[in-house]
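Trainee: Let me begin by handing over the structure; questions about it come next.
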Amino acid sequence: MPPLVWALEARMKRWIAGILALFNLANGLVMLSAGSLWWSLVPGAADTGPFNPHLVQDVGIAFIAAGLGLAARALWPAWWPAAVAGAAFLAGHGLLHLVMIAGGHDRHAASDLVAVVLPAALALYSALPNQGERHA
């Protein structure tokens with residue numbers, strides 16, 4: 001691929017990482033500050049059992065960490081390894097939802113694909129460096 005294409009792709013990845021960073025930071029902050037509201041609004045959360053504030057806050061911290069890693073990628077391209085670490089949580093979370101969908105244990109498959117699996121795939125894509133960034 002020509003260097004111009006690499007540069008455009010790198011810019012696009014940074015934008016995707018930035019957008020996902022904002023989404024994940026906001027999600028994590030809501031989970032920490034208004035967990036019961038989050039629990040009642042997110043499709044499928046209440047289907048997993050009673051509200052557990054500690055669990056929601058723990059996972060909220062994971063979303064904040066993922067958001068910070070993606071924000072680092074968006075702001076400083078050489079910090080892509082931070083985004084890979086954040087995307088690892090999101091990818092694992094997305095994979096868990098895919099397994100649940102494949103096993104027929106998810107009544108909210110469409111929303112999970114859009115709100116969990118797709119952002120996880122985009123996070124992985126945006127986090128990994130392309131040819132021109134590998135040694136930056």
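For the structure tokens, the naming scheme is as follows: chains receive sequential letters (A, B, ...) according to their order of presentation, residues are indexed from 1 within each chain, and ligands are indexed from 1 in presentation order.
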Any idea what's packed within 12 Å of A:His54, counting only C-alpha atoms, ignoring anything in its chain fewer than 3 positions away? Could you give it as a VMD selection string?
Mentor: chain A and resid 31 to 36 50 to 51 57 to 61
Trainee: As a PyMOL selection string, please: the residues near stretch 68-77 of chain A (cut-off 12 Å, only C-alpha atoms, same-chain neighbours under 6 positions excluded).
Mentor: chain A and resi 7+9-26+28-29+61-62+83-90+119-120+122-130+132-136
Trainee: Output C-alpha atoms for every residue in the selection just made, as a PDB file, in the first residue's frame.
Mentor:
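Once written, again_9.pdb looks like this:
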```pdb
ATOM      1  CA  ALA A   7      -1.445   7.938   6.458  1.00  0.00           C
ATOM      2  CA  GLU A   9      -5.842   4.864   7.361  1.00  0.00           C
ATOM      3  CA  ALA A  10      -3.866   5.943  10.436  1.00  0.00           C
ATOM      4  CA  ARG A  11      -5.927   9.145  10.645  1.00  0.00           C
ATOM      5  CA  MET A  12      -9.161   7.168  10.292  1.00  0.00           C
ATOM      6  CA  LYS A  13      -8.061   4.757  13.035  1.00  0.00           C
ATOM      7  CA  ARG A  14      -7.338   7.687  15.340  1.00  0.00           C
ATOM      8  CA  TRP A  15     -10.811   9.124  14.723  1.00  0.00           C
ATOM      9  CA  ILE A  16     -12.461   5.752  15.364  1.00  0.00           C
ATOM     10  CA  ALA A  17     -10.397   5.335  18.538  1.00  0.00           C
ATOM     11  CA  GLY A  18     -11.399   8.813  19.700  1.00  0.00           C
ATOM     12  CA  ILE A  19     -15.105   8.238  19.139  1.00  0.00           C
ATOM     13  CA  LEU A  20     -14.955   4.865  20.872  1.00  0.00           C
ATOM     14  CA  ALA A  21     -12.950   6.420  23.714  1.00  0.00           C
ATOM     15  CA  LEU A  22     -15.721   8.944  24.368  1.00  0.00           C
ATOM     16  CA  PHE A  23     -18.398   6.238  24.262  1.00  0.00           C
ATOM     17  CA  ASN A  24     -16.508   3.924  26.634  1.00  0.00           C
ATOM     18  CA  LEU A  25     -15.529   6.694  29.043  1.00  0.00           C
ATOM     19  CA  ALA A  26     -19.135   7.888  29.209  1.00  0.00           C
ATOM     20  CA  GLY A  28     -17.948   3.689  32.474  1.00  0.00           C
ATOM     21  CA  LEU A  29     -18.699   6.955  34.228  1.00  0.00           C
ATOM     22  CA  ILE A  61     -13.752   0.832  35.719  1.00  0.00           C
ATOM     23  CA  ALA A  62     -12.840  -1.616  32.941  1.00  0.00           C
ATOM     24  CA  ALA A  83      -5.269   1.083  22.880  1.00  0.00           C
ATOM     25  CA  VAL A  84      -4.514  -2.600  22.266  1.00  0.00           C
ATOM     26  CA  ALA A  85      -4.753  -3.198  26.025  1.00  0.00           C
ATOM     27  CA  GLY A  86      -8.082  -1.369  26.200  1.00  0.00           C
ATOM     28  CA  ALA A  87      -9.387  -3.095  23.107  1.00  0.00           C
ATOM     29  CA  ALA A  88      -8.483  -6.475  24.628  1.00  0.00           C
ATOM     30  CA  PHE A  89     -11.163  -6.006  27.292  1.00  0.00           C
ATOM     31  CA  LEU A  90     -13.699  -4.882  24.702  1.00  0.00           C
ATOM     32  CA  PRO A 119     -17.588  -1.487  18.793  1.00  0.00           C
ATOM     33  CA  ALA A 120     -15.234  -4.231  20.013  1.00  0.00           C
ATOM     34  CA  LEU A 122     -13.744  -1.408  15.618  1.00  0.00           C
ATOM     35  CA  ALA A 123     -11.678  -0.924  18.779  1.00  0.00           C
ATOM     36  CA  LEU A 124      -9.337  -3.746  17.763  1.00  0.00           C
ATOM     37  CA  TYR A 125      -9.055  -2.371  14.244  1.00  0.00           C
ATOM     38  CA  SER A 126      -8.352   1.153  15.445  1.00  0.00           C
ATOM     39  CA  ALA A 127      -5.865   0.056  18.104  1.00  0.00           C
ATOM     40  CA  LEU A 128      -3.555  -2.008  15.917  1.00  0.00           C
ATOM     41  CA  PRO A 129      -0.900  -0.030  14.049  1.00  0.00           C
ATOM     42  CA  ASN A 130      -0.753  -0.092  10.288  1.00  0.00           C
ATOM     43  CA  GLY A 132       3.568   3.148   8.594  1.00  0.00           C
ATOM     44  CA  GLU A 133       3.143   3.184  12.390  1.00  0.00           C
ATOM     45  CA  ARG A 134       4.774  -0.039  13.505  1.00  0.00           C
ATOM     46  CA  HIS A 135       8.090   1.600  14.452  1.00  0.00           C
ATOM     47  CA  ALA A 136       6.807   5.045  15.355  1.00  0.00           C
TER      48      ALA A 136
END
```
Trainee: Report, in Å with one decimal, the straight-line distance from atom CA of A:Leu96 to atom CA of A:Leu41.
Mentor: 20.3 Å
Trainee: Which residues in chain A does DSSP call helix (DSSP H, G or I)? List them as an NGL selection string.
Mentor: :A and (3-33 or 35-41 or 46-48 or 53-75 or 77-102 or 109-127 or 131-133)
Trainee: So how far away is atom CA of A:Trp39 from atom CA of A:Met100, in Å?
Mentor: 18.9 Å
Trainee: What is the atom CA of A:His93 to atom CA of A:Val117 distance in Å?
Mentor: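 Answer for the atom CA of A:His93 to atom CA of A:Val117 separation: 8.0 Å.
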